[in-house]
$ cat upload-v6.cif   # mmCIF, C-alpha atoms
data_query
loop_
_atom_site.group_PDB
_atom_site.id
_atom_site.type_symbol
_atom_site.label_atom_id
_atom_site.label_comp_id
_atom_site.auth_asym_id
_atom_site.auth_seq_id
_atom_site.Cartn_x
_atom_site.Cartn_y
_atom_site.Cartn_z
ATOM 1 C CA MET A 1 39.306 72.002 94.312
ATOM 2 C CA ALA A 2 39.077 70.157 91.042
ATOM 3 C CA PRO A 3 42.230 68.408 89.729
ATOM 4 C CA LEU A 4 42.556 70.885 86.865
ATOM 5 C CA GLN A 5 42.326 73.818 89.271
ATOM 6 C CA LYS A 6 44.980 72.208 91.513
ATOM 7 C CA LEU A 7 47.247 71.725 88.527
ATOM 8 C CA LEU A 8 46.770 75.323 87.361
ATOM 9 C CA MET A 9 47.350 76.583 90.912
ATOM 10 C CA ALA A 10 50.563 74.503 91.185
ATOM 11 C CA VAL A 11 51.818 75.824 87.836
ATOM 12 C CA PHE A 12 50.997 79.381 88.886
ATOM 13 C CA ILE A 13 52.811 78.998 92.229
ATOM 14 C CA ALA A 14 55.820 77.328 90.585
ATOM 15 C CA SER A 15 55.959 80.098 88.015
ATOM 16 C CA ALA A 16 55.733 82.775 90.676
ATOM 17 C CA LEU A 17 58.433 81.129 92.782
ATOM 18 C CA SER A 18 60.786 80.706 89.851
ATOM 19 C CA SER A 19 60.535 84.400 88.993
ATOM 20 C CA TRP A 20 61.234 85.327 92.593
ATOM 21 C CA ALA A 21 64.867 84.919 93.483
ATOM 22 C CA ALA A 22 67.022 86.006 96.340
ATOM 23 C CA PRO A 23 68.764 89.295 95.591
ATOM 24 C CA THR A 24 72.075 88.855 93.874
ATOM 25 C CA ALA A 25 75.122 91.037 94.186
ATOM 26 C CA SER A 26 74.779 93.853 91.720
ATOM 27 C CA ALA A 27 77.625 95.068 89.611
ATOM 28 C CA THR A 28 79.894 97.411 91.471
ATOM 29 C CA THR A 29 79.164 101.106 91.325
ATOM 30 C CA ALA A 30 82.698 101.857 92.533
ATOM 31 C CA ASN A 31 84.525 102.852 89.373
ATOM 32 C CA LEU A 32 88.063 103.564 90.529
ATOM 33 C CA THR A 33 89.083 105.712 87.563
ATOM 34 C CA ASP A 34 85.933 107.852 87.806
ATOM 35 C CA ILE A 35 86.364 108.326 91.567
ATOM 36 C CA LEU A 36 90.006 109.377 91.285
ATOM 37 C CA THR A 37 89.311 111.633 88.290
ATOM 38 C CA LYS A 38 86.385 113.434 89.961
ATOM 39 C CA ALA A 39 88.497 114.221 93.024
ATOM 40 C CA GLY A 40 90.794 116.417 90.965
ATOM 41 C CA TYR A 41 93.843 115.964 93.217
ATOM 42 C CA PHE A 42 94.808 112.362 92.434
ATOM 43 C CA SER A 43 95.764 112.935 88.786
ATOM 44 C CA THR A 44 99.454 112.046 89.176
ATOM 45 C CA PHE A 45 98.662 108.763 90.951
ATOM 46 C CA LEU A 46 95.943 107.976 88.433
ATOM 47 C CA ASN A 47 98.294 108.666 85.532
ATOM 48 C CA VAL A 48 101.155 106.470 86.766
ATOM 49 C CA ALA A 49 98.803 103.743 88.028
ATOM 50 C CA SER A 50 97.010 103.623 84.674
ATOM 51 C CA GLN A 51 100.315 103.376 82.799
ATOM 52 C CA ALA A 52 101.359 100.465 85.031
ATOM 53 C CA ASN A 53 97.937 98.781 84.580
ATOM 54 C CA VAL A 54 97.373 98.925 88.343
ATOM 55 C CA THR A 55 94.003 100.705 88.102
ATOM 56 C CA ALA A 56 92.633 97.968 85.822
ATOM 57 C CA GLU A 57 93.897 95.225 88.149
ATOM 58 C CA VAL A 58 92.477 96.874 91.263
ATOM 59 C CA GLN A 59 89.172 97.524 89.464
ATOM 60 C CA ALA A 60 88.990 93.847 88.488
ATOM 61 C CA PHE A 61 89.646 92.893 92.120
ATOM 62 C CA ILE A 62 86.941 95.277 93.357
ATOM 63 C CA ASP A 63 84.455 93.899 90.845
ATOM 64 C CA ALA A 64 85.198 90.308 91.884
ATOM 65 C CA SER A 65 85.848 90.862 95.589
ATOM 66 C CA GLY A 66 82.513 89.690 96.937
ATOM 67 C CA THR A 67 82.498 90.777 100.543
ATOM 68 C CA SER A 68 86.168 91.735 101.042
ATOM 69 C CA GLY A 69 86.292 95.037 99.143
ATOM 70 C CA ALA A 70 89.398 97.241 98.912
ATOM 71 C CA THR A 71 90.972 100.210 100.659
ATOM 72 C CA LEU A 72 93.280 102.614 98.841
ATOM 73 C CA PHE A 73 95.632 105.168 100.372
ATOM 74 C CA VAL A 74 96.094 107.515 97.426
ATOM 75 C CA PRO A 75 98.759 110.228 97.543
ATOM 76 C CA VAL A 76 97.524 113.667 96.539
ATOM 77 C CA ASP A 77 99.300 115.380 93.642
ATOM 78 C CA ALA A 78 101.447 117.495 95.997
ATOM 79 C CA ALA A 79 102.947 114.280 97.445
ATOM 80 C CA PHE A 80 104.640 113.583 94.110
ATOM 81 C CA THR A 81 107.571 115.900 94.685
ATOM 82 C CA PRO A 82 110.350 116.073 92.067
ATOM 83 C CA SER A 83 112.549 113.798 94.196
ATOM 84 C CA VAL A 84 109.765 111.204 94.577
ATOM 85 C CA LEU A 85 109.102 111.289 90.830
ATOM 86 C CA SER A 86 112.852 110.901 90.201
ATOM 87 C CA VAL A 87 113.017 107.821 92.442
ATOM 88 C CA TYR A 88 109.865 106.418 90.821
ATOM 89 C CA SER A 89 111.101 106.924 87.264
ATOM 90 C CA GLY A 90 114.399 105.245 88.195
ATOM 91 C CA LEU A 91 112.609 102.017 89.121
ATOM 92 C CA SER A 92 112.034 99.127 86.749
ATOM 93 C CA PRO A 93 108.451 98.793 85.466
ATOM 94 C CA GLU A 94 107.933 95.825 87.830
ATOM 95 C CA LYS A 95 109.065 97.840 90.875
ATOM 96 C CA GLN A 96 106.972 100.832 89.794
ATOM 97 C CA LYS A 97 103.952 98.552 89.742
ATOM 98 C CA LEU A 98 104.805 97.141 93.193
ATOM 99 C CA LEU A 99 105.170 100.652 94.610
ATOM 100 C CA LEU A 100 101.715 101.593 93.365
ATOM 101 C CA GLN A 101 100.169 98.310 94.581
ATOM 102 C CA TYR A 102 101.724 99.040 97.974
ATOM 103 C CA HIS A 103 99.112 101.797 98.419
ATOM 104 C CA GLY A 104 96.131 99.418 98.479
ATOM 105 C CA LEU A 105 94.680 96.818 100.797
ATOM 106 C CA PRO A 106 92.555 93.941 99.498
ATOM 107 C CA LYS A 107 90.033 94.534 102.287
ATOM 108 C CA PHE A 108 87.416 97.216 102.911
ATOM 109 C CA TYR A 109 88.174 99.508 105.864
ATOM 110 C CA ASP A 110 85.980 102.554 106.268
ATOM 111 C CA TYR A 111 86.900 105.696 108.173
ATOM 112 C CA SER A 112 84.891 104.879 111.280
ATOM 113 C CA GLY A 113 86.341 101.371 111.298
ATOM 114 C CA LEU A 114 89.870 102.773 111.365
ATOM 115 C CA LEU A 115 88.981 105.426 113.935
ATOM 116 C CA SER A 116 87.513 102.794 116.227
ATOM 117 C CA THR A 117 91.012 101.421 116.791
ATOM 118 C CA ARG A 118 91.513 104.357 119.215
ATOM 119 C CA SER A 119 95.260 104.760 119.830
ATOM 120 C CA GLN A 120 95.812 101.225 118.670
ATOM 121 C CA SER A 121 97.335 100.048 115.486
ATOM 122 C CA LEU A 122 96.477 97.600 112.774
ATOM 123 C CA SER A 123 99.690 95.770 112.000
ATOM 124 C CA ASN A 124 100.929 93.856 108.999
ATOM 125 C CA LEU A 125 98.002 94.670 106.743
ATOM 126 C CA SER A 126 98.607 92.848 103.479
ATOM 127 C CA THR A 127 98.733 95.090 100.430
ATOM 128 C CA PHE A 128 98.135 94.413 96.749
ATOM 129 C CA ALA A 129 101.953 94.224 96.457
ATOM 130 C CA PRO A 130 102.710 90.541 97.123
ATOM 131 C CA GLY A 131 104.496 89.973 100.420
ATOM 132 C CA LEU A 132 104.408 93.619 101.504
ATOM 133 C CA SER A 133 102.376 95.088 104.336
ATOM 134 C CA LEU A 134 101.489 98.383 105.966
ATOM 135 C CA ASN A 135 100.691 99.409 109.513
ATOM 136 C CA VAL A 136 97.947 101.875 110.399
ATOM 137 C CA SER A 137 97.567 103.689 113.685
ATOM 138 C CA VAL A 138 95.139 106.207 115.085
ATOM 139 C CA HIS A 139 96.178 108.719 117.697
ATOM 140 C CA THR A 140 93.919 111.578 118.781
ATOM 141 C CA GLY A 141 91.811 111.181 115.674
ATOM 142 C CA ILE A 142 94.724 111.270 113.225
ATOM 143 C CA ILE A 143 95.138 108.208 111.029
ATOM 144 C CA THR A 144 98.740 107.480 110.056
ATOM 145 C CA VAL A 145 99.855 104.854 107.562
ATOM 146 C CA TYR A 146 103.339 103.446 108.175
ATOM 147 C CA ALA A 147 105.478 102.070 105.367
ATOM 148 C CA SER A 148 108.920 100.606 105.943
ATOM 149 C CA LEU A 149 110.722 103.840 104.934
ATOM 150 C CA ASN A 150 108.226 106.566 105.804
ATOM 151 C CA SER A 151 104.703 107.355 106.937
ATOM 152 C CA ALA A 152 101.746 109.338 105.624
ATOM 153 C CA ASN A 153 98.803 111.001 107.291
ATOM 154 C CA VAL A 154 95.292 110.507 106.013
ATOM 155 C CA THR A 155 94.156 113.983 104.981
ATOM 156 C CA SER A 156 90.632 113.032 103.923
ATOM 157 C CA ASN A 157 88.281 110.151 103.508
ATOM 158 C CA TYR A 158 87.512 110.901 99.889
ATOM 159 C CA ALA A 159 85.163 108.029 99.037
ATOM 160 C CA THR A 160 83.574 105.241 101.023
ATOM 161 C CA THR A 161 81.047 103.169 99.172
ATOM 162 C CA PHE A 162 81.401 99.455 99.595
ATOM 163 C CA PRO A 163 83.330 97.774 98.047
ATOM 164 C CA LEU A 164 85.854 100.675 97.911
ATOM 165 C CA THR A 165 87.298 103.214 100.306
ATOM 166 C CA VAL A 166 89.686 105.900 99.037
ATOM 167 C CA PHE A 167 91.718 107.803 101.615
ATOM 168 C CA ALA A 168 93.808 110.794 100.515
ATOM 169 C CA ILE A 169 97.308 110.764 102.011
ATOM 170 C CA ASP A 170 99.968 113.460 102.102
ATOM 171 C CA THR A 171 103.005 111.340 101.183
ATOM 172 C CA VAL A 172 103.883 108.611 98.683
ATOM 173 C CA LEU A 173 104.485 105.430 100.724
ATOM 174 C CA LEU A 174 107.955 103.961 100.228
ATOM 175 C CA SER A 175 109.098 100.429 100.919
ATOM 176 C CA SER A 176 112.660 99.256 101.541
ATOM 177 C CA GLN A 177 111.712 95.930 99.945
ATOM 178 C CA ILE A 178 111.068 97.818 96.688
ATOM 179 C CA LEU A 179 113.655 100.608 96.862
ATOM 180 C CA GLY A 180 116.389 99.005 98.917
ATOM 181 C CA ASN A 181 117.440 101.161 101.863
ATOM 182 C CA PRO A 182 117.999 104.633 100.421
ATOM 183 C CA ALA A 183 117.230 107.762 102.362
ATOM 184 C CA PRO A 184 113.595 108.608 101.663
ATOM 185 C CA PRO A 185 113.193 111.447 99.171
ATOM 186 C CA THR A 186 111.807 114.685 100.521
#
$ encode --input "upload-v6.cif" --output "C-alpha cells"
Amino acid sequence: MAPLQKLLMAVFIASALSSWAAPTASATTANLTDILTKAGYFSTFLNVASQANVTAEVQAFIDASGTSGATLFVPVDAAFTPSVLSVYSGLSPEKQKLLLQYHGLPKFYDYSGLLSTRSQSLSNLSTFAPGLSLNVSVHTGIITVYASLNSANVTSNYATTFPLTVFAIDTVLLSSQILGNPAPPT
C-alpha cells in the first residue's frame, strides 16, 4: 500500500473509531410525577410531596443515581385518613418533609427481588430521611413494610422500570423519631 493510501486508511479508521463510543447511560425515563399522576390513586401523596419539594429531590436523585436507583413505598389515597392528615398538618415543614422521605429507599428493589427473601426480612434499610430506616419482610407472598410506629402491606407493584420502583402501600408509614411516641392515628 502506498504511503498516501496508508495515511488515508489511518485517518478513516481513526475517524470511524472516534465516532464509535461505548454506550452511555441515557437520561432516565422514570419521571416520578408522571408515574404517580397516571396511577390515579397517589394524588394525596403527590400533592403533599410536591408541596414539600420531595418529588423534585427524589427525581434529582433518580436522575443522578447511576446504578443504585430508588424504591418508593407510596401510600394510596385511602391511607390518608382524616386522623393521618391531622397529624401530618400538625408537623413542622421540616418534619413533614422527613415523613415523606421516610417512604423511599435510595436503592432499587424490584418486586421479585423482595419476594426472593422468602419469609426473611431486610432490616435497617436506609431511607431518604437521614438517619431513619425501614424493615421489609415477606411472608407467604405478602410484602410488609415496618416503620417504628406501624406497618403497611404492599398492595401492588405499580411501576418497576430501572431506576425506579413504585410500590403502593395501604398505610402511611409513621416514625417515632419524627412524631415522638404518640399512638398511631387510625
$ axis_aligned_box --input "upload-v6.cif" --around "segment 171-176 of chain A" --padding-each-side "6 Å" --output "JSON"
{"center_x": 107.8, "center_y": 105.3, "center_z": 100.1, "size_x": 21.7, "size_y": 24.1, "size_z": 14.9}
$ closest_residue --input "upload-v6.cif" --among "A:Leu99, A:Ala70, A:Leu91, A:Leu115" --to "Ala30 of chain A" --atoms "only C-alpha atoms"
A:Ala70
$ resolve_selection --input "upload-v6.cif" --expression "the PyMOL selection byres ((chain A and resi 129) around 10)" --output "list of chain:residue names"
A:Lys95, A:Lys97, A:Leu98, A:Leu99, A:Leu100, A:Gln101, A:Tyr102, A:His103, A:Gly104, A:Leu105, A:Pro106, A:Ser126, A:Thr127, A:Phe128, A:Pro130, A:Gly131, A:Leu132, A:Ser133, A:Ile178
$ resolve_selection --input "upload-v6.cif" --expression "the PyMOL selection byres ((chain A and resi 76) around 6)" --output "PyMOL selection string"
chain A and resi 41-42+75+77-79
$ closest_residue --input "upload-v6.cif" --among "A:Asn31, A:Val84, A:Leu134, A:Gln96" --to "Ala49 of chain A" --atoms "all atoms listed in the file"
A:Gln96
$ closest_residue --input "upload-v6.cif" --among "A:Ser65, A:Thr55, A:Ser43, A:Thr33" --to "Phe162 of chain A" --atoms "only C-alpha atoms"
A:Ser65
$ closest_residue --input "upload-v6.cif" --among "A:Val138, A:Asn153, A:Val172, A:Phe108" --to "Gln120 of chain A" --atoms "only C-alpha atoms"
A:Val138
$ atom_distance --input "upload-v6.cif" --atom1 "atom CA of Gln51 of chain A" --atom2 "atom CA of Leu173 of chain A"
18.5 Å
$ residues_near_point --input "upload-v6.cif" --point "(89.4, 94.7, 95.8)" --cutoff "8 Å" --atoms "all atoms listed in the file" --output "list in words"
Val58, Gln59, Ala60, Phe61, Ile62, Asp63, Ala64, Ser65, Ser68, Gly69, Ala70, Thr71, Leu105, Pro106, Lys107, Phe108, Pro163 and Leu164 of chain A
$ closest_residue --input "upload-v6.cif" --among "A:Ser175, A:Asn53, A:Ser121, A:Asn150" --to "Pro93 of chain A" --atoms "all atoms listed in the file"
A:Asn53
$ atom_distance --input "upload-v6.cif" --atom1 "atom CA of Thr161 of chain A" --atom2 "atom CA of Asp34 of chain A"
13.2 Å
$ closest_residue --input "upload-v6.cif" --among "A:Thr140, A:Ser89, A:Ser112, A:Thr171" --to "Thr155 of chain A" --atoms "all atoms listed in the file"
A:Thr171
$ resolve_selection --input "upload-v6.cif" --expression "the PyMOL selection byres ((chain A and resi 149) around 8)" --output "list in words"
Ala147, Ser148, Asn150, Ser151, Leu173, Leu174, Ser175, Ser176, Asn181 and Pro184 of chain A
$ write_last_selection --input "upload-v6.cif" --atoms "C-alpha atoms" --output "PDB file, keeping the file's coordinate frame"
ATOM      1  CA  ALA A 147     105.478 102.070 105.367  1.00  0.00           C
ATOM      2  CA  SER A 148     108.920 100.606 105.943  1.00  0.00           C
ATOM      3  CA  ASN A 150     108.226 106.566 105.804  1.00  0.00           C
ATOM      4  CA  SER A 151     104.703 107.355 106.937  1.00  0.00           C
ATOM      5  CA  LEU A 173     104.485 105.430 100.724  1.00  0.00           C
ATOM      6  CA  LEU A 174     107.955 103.961 100.228  1.00  0.00           C
ATOM      7  CA  SER A 175     109.098 100.429 100.919  1.00  0.00           C
ATOM      8  CA  SER A 176     112.660  99.256 101.541  1.00  0.00           C
ATOM      9  CA  ASN A 181     117.440 101.161 101.863  1.00  0.00           C
ATOM     10  CA  PRO A 184     113.595 108.608 101.663  1.00  0.00           C
TER      11      PRO A 184
END
$ atom_distance --input "upload-v6.cif" --atom1 "atom CA of Ile35 of chain A" --atom2 "atom CA of Leu85 of chain A"
22.9 Å
$ residues_around --input "upload-v6.cif" --residues "Tyr111 of chain A" --least-positions-apart "6" --cutoff "12 Å" --atoms "only C-alpha atoms" --output "PyMOL selection string"
chain A and resi 71-73+117+136+138+141-143+154-162+164-168
$ decode --input "upload-v6.cif" --residues "segment 98-126 of chain A" --atoms "N, CA, C and O atoms" --output "PDB file, in the first residue's frame"
ATOM      1  N   LEU A  98     -39.511  15.083  56.260  1.00  0.00           N
ATOM      2  CA  LEU A  98     -38.904  13.836  56.730  1.00  0.00           C
ATOM      3  C   LEU A  98     -39.885  12.670  56.629  1.00  0.00           C
ATOM      4  O   LEU A  98     -39.513  11.562  56.231  1.00  0.00           O
ATOM      5  N   LEU A  99     -41.142  12.923  56.990  1.00  0.00           N
ATOM      6  CA  LEU A  99     -42.147  11.858  56.938  1.00  0.00           C
ATOM      7  C   LEU A  99     -42.335  11.358  55.505  1.00  0.00           C
ATOM      8  O   LEU A  99     -42.457  10.153  55.266  1.00  0.00           O
ATOM      9  N   LEU A 100     -42.337  12.254  54.562  1.00  0.00           N
ATOM     10  CA  LEU A 100     -42.478  11.864  53.162  1.00  0.00           C
ATOM     11  C   LEU A 100     -41.219  11.140  52.670  1.00  0.00           C
ATOM     12  O   LEU A 100     -41.303  10.126  51.971  1.00  0.00           O
ATOM     13  N   GLN A 101     -40.048  11.641  53.040  1.00  0.00           N
ATOM     14  CA  GLN A 101     -38.787  10.999  52.641  1.00  0.00           C
ATOM     15  C   GLN A 101     -38.667   9.593  53.228  1.00  0.00           C
ATOM     16  O   GLN A 101     -38.006   8.733  52.664  1.00  0.00           O
ATOM     17  N   TYR A 102     -39.321   9.386  54.349  1.00  0.00           N
ATOM     18  CA  TYR A 102     -39.311   8.096  55.041  1.00  0.00           C
ATOM     19  C   TYR A 102     -39.922   6.980  54.185  1.00  0.00           C
ATOM     20  O   TYR A 102     -39.698   5.809  54.444  1.00  0.00           O
ATOM     21  N   HIS A 103     -40.662   7.340  53.155  1.00  0.00           N
ATOM     22  CA  HIS A 103     -41.317   6.365  52.285  1.00  0.00           C
ATOM     23  C   HIS A 103     -40.458   5.918  51.095  1.00  0.00           C
ATOM     24  O   HIS A 103     -40.938   5.200  50.225  1.00  0.00           O
ATOM     25  N   GLY A 104     -39.204   6.343  51.052  1.00  0.00           N
ATOM     26  CA  GLY A 104     -38.356   5.991  49.909  1.00  0.00           C
ATOM     27  C   GLY A 104     -37.001   5.467  50.319  1.00  0.00           C
ATOM     28  O   GLY A 104     -36.441   5.857  51.339  1.00  0.00           O
ATOM     29  N   LEU A 105     -36.494   4.558  49.504  1.00  0.00           N
ATOM     30  CA  LEU A 105     -35.173   3.974  49.711  1.00  0.00           C
ATOM     31  C   LEU A 105     -34.266   4.401  48.568  1.00  0.00           C
ATOM     32  O   LEU A 105     -34.665   4.300  47.404  1.00  0.00           O
ATOM     33  N   PRO A 106     -33.051   4.822  48.863  1.00  0.00           N
ATOM     34  CA  PRO A 106     -32.132   5.217  47.791  1.00  0.00           C
ATOM     35  C   PRO A 106     -31.434   4.013  47.168  1.00  0.00           C
ATOM     36  O   PRO A 106     -30.224   3.983  46.973  1.00  0.00           O
ATOM     37  N   LYS A 107     -32.225   2.983  46.865  1.00  0.00           N
ATOM     38  CA  LYS A 107     -31.714   1.779  46.212  1.00  0.00           C
ATOM     39  C   LYS A 107     -32.880   1.128  45.478  1.00  0.00           C
ATOM     40  O   LYS A 107     -34.017   1.146  45.958  1.00  0.00           O
ATOM     41  N   PHE A 108     -32.591   0.538  44.338  1.00  0.00           N
ATOM     42  CA  PHE A 108     -33.618  -0.107  43.520  1.00  0.00           C
ATOM     43  C   PHE A 108     -33.867  -1.527  44.019  1.00  0.00           C
ATOM     44  O   PHE A 108     -32.947  -2.340  44.075  1.00  0.00           O
ATOM     45  N   TYR A 109     -35.092  -1.799  44.442  1.00  0.00           N
ATOM     46  CA  TYR A 109     -35.538  -3.152  44.780  1.00  0.00           C
ATOM     47  C   TYR A 109     -36.753  -3.423  43.921  1.00  0.00           C
ATOM     48  O   TYR A 109     -37.739  -2.685  44.002  1.00  0.00           O
ATOM     49  N   ASP A 110     -36.721  -4.459  43.120  1.00  0.00           N
ATOM     50  CA  ASP A 110     -37.921  -4.792  42.353  1.00  0.00           C
ATOM     51  C   ASP A 110     -38.738  -5.829  43.123  1.00  0.00           C
ATOM     52  O   ASP A 110     -38.316  -6.363  44.152  1.00  0.00           O
ATOM     53  N   TYR A 111     -39.920  -6.097  42.626  1.00  0.00           N
ATOM     54  CA  TYR A 111     -40.856  -6.994  43.295  1.00  0.00           C
ATOM     55  C   TYR A 111     -40.259  -8.380  43.476  1.00  0.00           C
ATOM     56  O   TYR A 111     -40.291  -8.945  44.562  1.00  0.00           O
ATOM     57  N   SER A 112     -39.701  -8.932  42.424  1.00  0.00           N
ATOM     58  CA  SER A 112     -39.144 -10.286  42.530  1.00  0.00           C
ATOM     59  C   SER A 112     -37.955 -10.315  43.481  1.00  0.00           C
ATOM     60  O   SER A 112     -37.734 -11.303  44.174  1.00  0.00           O
ATOM     61  N   GLY A 113     -37.202  -9.217  43.531  1.00  0.00           N
ATOM     62  CA  GLY A 113     -36.086  -9.149  44.469  1.00  0.00           C
ATOM     63  C   GLY A 113     -36.558  -9.189  45.911  1.00  0.00           C
ATOM     64  O   GLY A 113     -35.954  -9.851  46.756  1.00  0.00           O
ATOM     65  N   LEU A 114     -37.664  -8.496  46.202  1.00  0.00           N
ATOM     66  CA  LEU A 114     -38.208  -8.533  47.557  1.00  0.00           C
ATOM     67  C   LEU A 114     -38.841  -9.888  47.854  1.00  0.00           C
ATOM     68  O   LEU A 114     -38.682 -10.432  48.949  1.00  0.00           O
ATOM     69  N   LEU A 115     -39.544 -10.455  46.880  1.00  0.00           N
ATOM     70  CA  LEU A 115     -40.168 -11.755  47.097  1.00  0.00           C
ATOM     71  C   LEU A 115     -39.140 -12.852  47.320  1.00  0.00           C
ATOM     72  O   LEU A 115     -39.405 -13.828  48.007  1.00  0.00           O
ATOM     73  N   SER A 116     -37.966 -12.696  46.745  1.00  0.00           N
ATOM     74  CA  SER A 116     -36.954 -13.745  46.880  1.00  0.00           C
ATOM     75  C   SER A 116     -36.396 -13.834  48.293  1.00  0.00           C
ATOM     76  O   SER A 116     -35.668 -14.765  48.616  1.00  0.00           O
ATOM     77  N   THR A 117     -36.780 -12.912  49.172  1.00  0.00           N
ATOM     78  CA  THR A 117     -36.321 -13.009  50.555  1.00  0.00           C
ATOM     79  C   THR A 117     -37.029 -14.141  51.289  1.00  0.00           C
ATOM     80  O   THR A 117     -36.563 -14.590  52.316  1.00  0.00           O
ATOM     81  N   ARG A 118     -38.130 -14.623  50.786  1.00  0.00           N
ATOM     82  CA  ARG A 118     -38.884 -15.769  51.302  1.00  0.00           C
ATOM     83  C   ARG A 118     -38.846 -15.898  52.827  1.00  0.00           C
ATOM     84  O   ARG A 118     -37.964 -16.529  53.388  1.00  0.00           O
ATOM     85  N   SER A 119     -39.838 -15.344  53.482  1.00  0.00           N
ATOM     86  CA  SER A 119     -40.009 -15.391  54.932  1.00  0.00           C
ATOM     87  C   SER A 119     -38.817 -14.817  55.683  1.00  0.00           C
ATOM     88  O   SER A 119     -38.612 -15.114  56.843  1.00  0.00           O
ATOM     89  N   GLN A 120     -38.020 -14.070  55.002  1.00  0.00           N
ATOM     90  CA  GLN A 120     -36.907 -13.395  55.665  1.00  0.00           C
ATOM     91  C   GLN A 120     -37.230 -11.923  55.679  1.00  0.00           C
ATOM     92  O   GLN A 120     -38.237 -11.480  55.142  1.00  0.00           O
ATOM     93  N   SER A 121     -36.362 -11.173  56.290  1.00  0.00           N
ATOM     94  CA  SER A 121     -36.603  -9.738  56.281  1.00  0.00           C
ATOM     95  C   SER A 121     -35.345  -9.002  55.873  1.00  0.00           C
ATOM     96  O   SER A 121     -34.236  -9.500  56.009  1.00  0.00           O
ATOM     97  N   LEU A 122     -35.559  -7.832  55.330  1.00  0.00           N
ATOM     98  CA  LEU A 122     -34.475  -6.912  55.030  1.00  0.00           C
ATOM     99  C   LEU A 122     -34.550  -5.858  56.125  1.00  0.00           C
ATOM    100  O   LEU A 122     -35.561  -5.178  56.266  1.00  0.00           O
ATOM    101  N   SER A 123     -33.512  -5.778  56.922  1.00  0.00           N
ATOM    102  CA  SER A 123     -33.546  -4.904  58.091  1.00  0.00           C
ATOM    103  C   SER A 123     -32.721  -3.647  57.901  1.00  0.00           C
ATOM    104  O   SER A 123     -31.713  -3.664  57.200  1.00  0.00           O
ATOM    105  N   ASN A 124     -33.163  -2.608  58.580  1.00  0.00           N
ATOM    106  CA  ASN A 124     -32.441  -1.340  58.621  1.00  0.00           C
ATOM    107  C   ASN A 124     -32.110  -0.792  57.239  1.00  0.00           C
ATOM    108  O   ASN A 124     -30.981  -0.410  56.969  1.00  0.00           O
ATOM    109  N   LEU A 125     -33.112  -0.781  56.371  1.00  0.00           N
ATOM    110  CA  LEU A 125     -32.924  -0.213  55.041  1.00  0.00           C
ATOM    111  C   LEU A 125     -32.961   1.303  55.157  1.00  0.00           C
ATOM    112  O   LEU A 125     -33.962   1.881  55.589  1.00  0.00           O
ATOM    113  N   SER A 126     -31.887   1.952  54.794  1.00  0.00           N
ATOM    114  CA  SER A 126     -31.808   3.402  54.880  1.00  0.00           C
ATOM    115  C   SER A 126     -32.838   4.042  53.966  1.00  0.00           C
ATOM    116  O   SER A 126     -33.034   3.596  52.837  1.00  0.00           O
TER     117      SER A 126
END
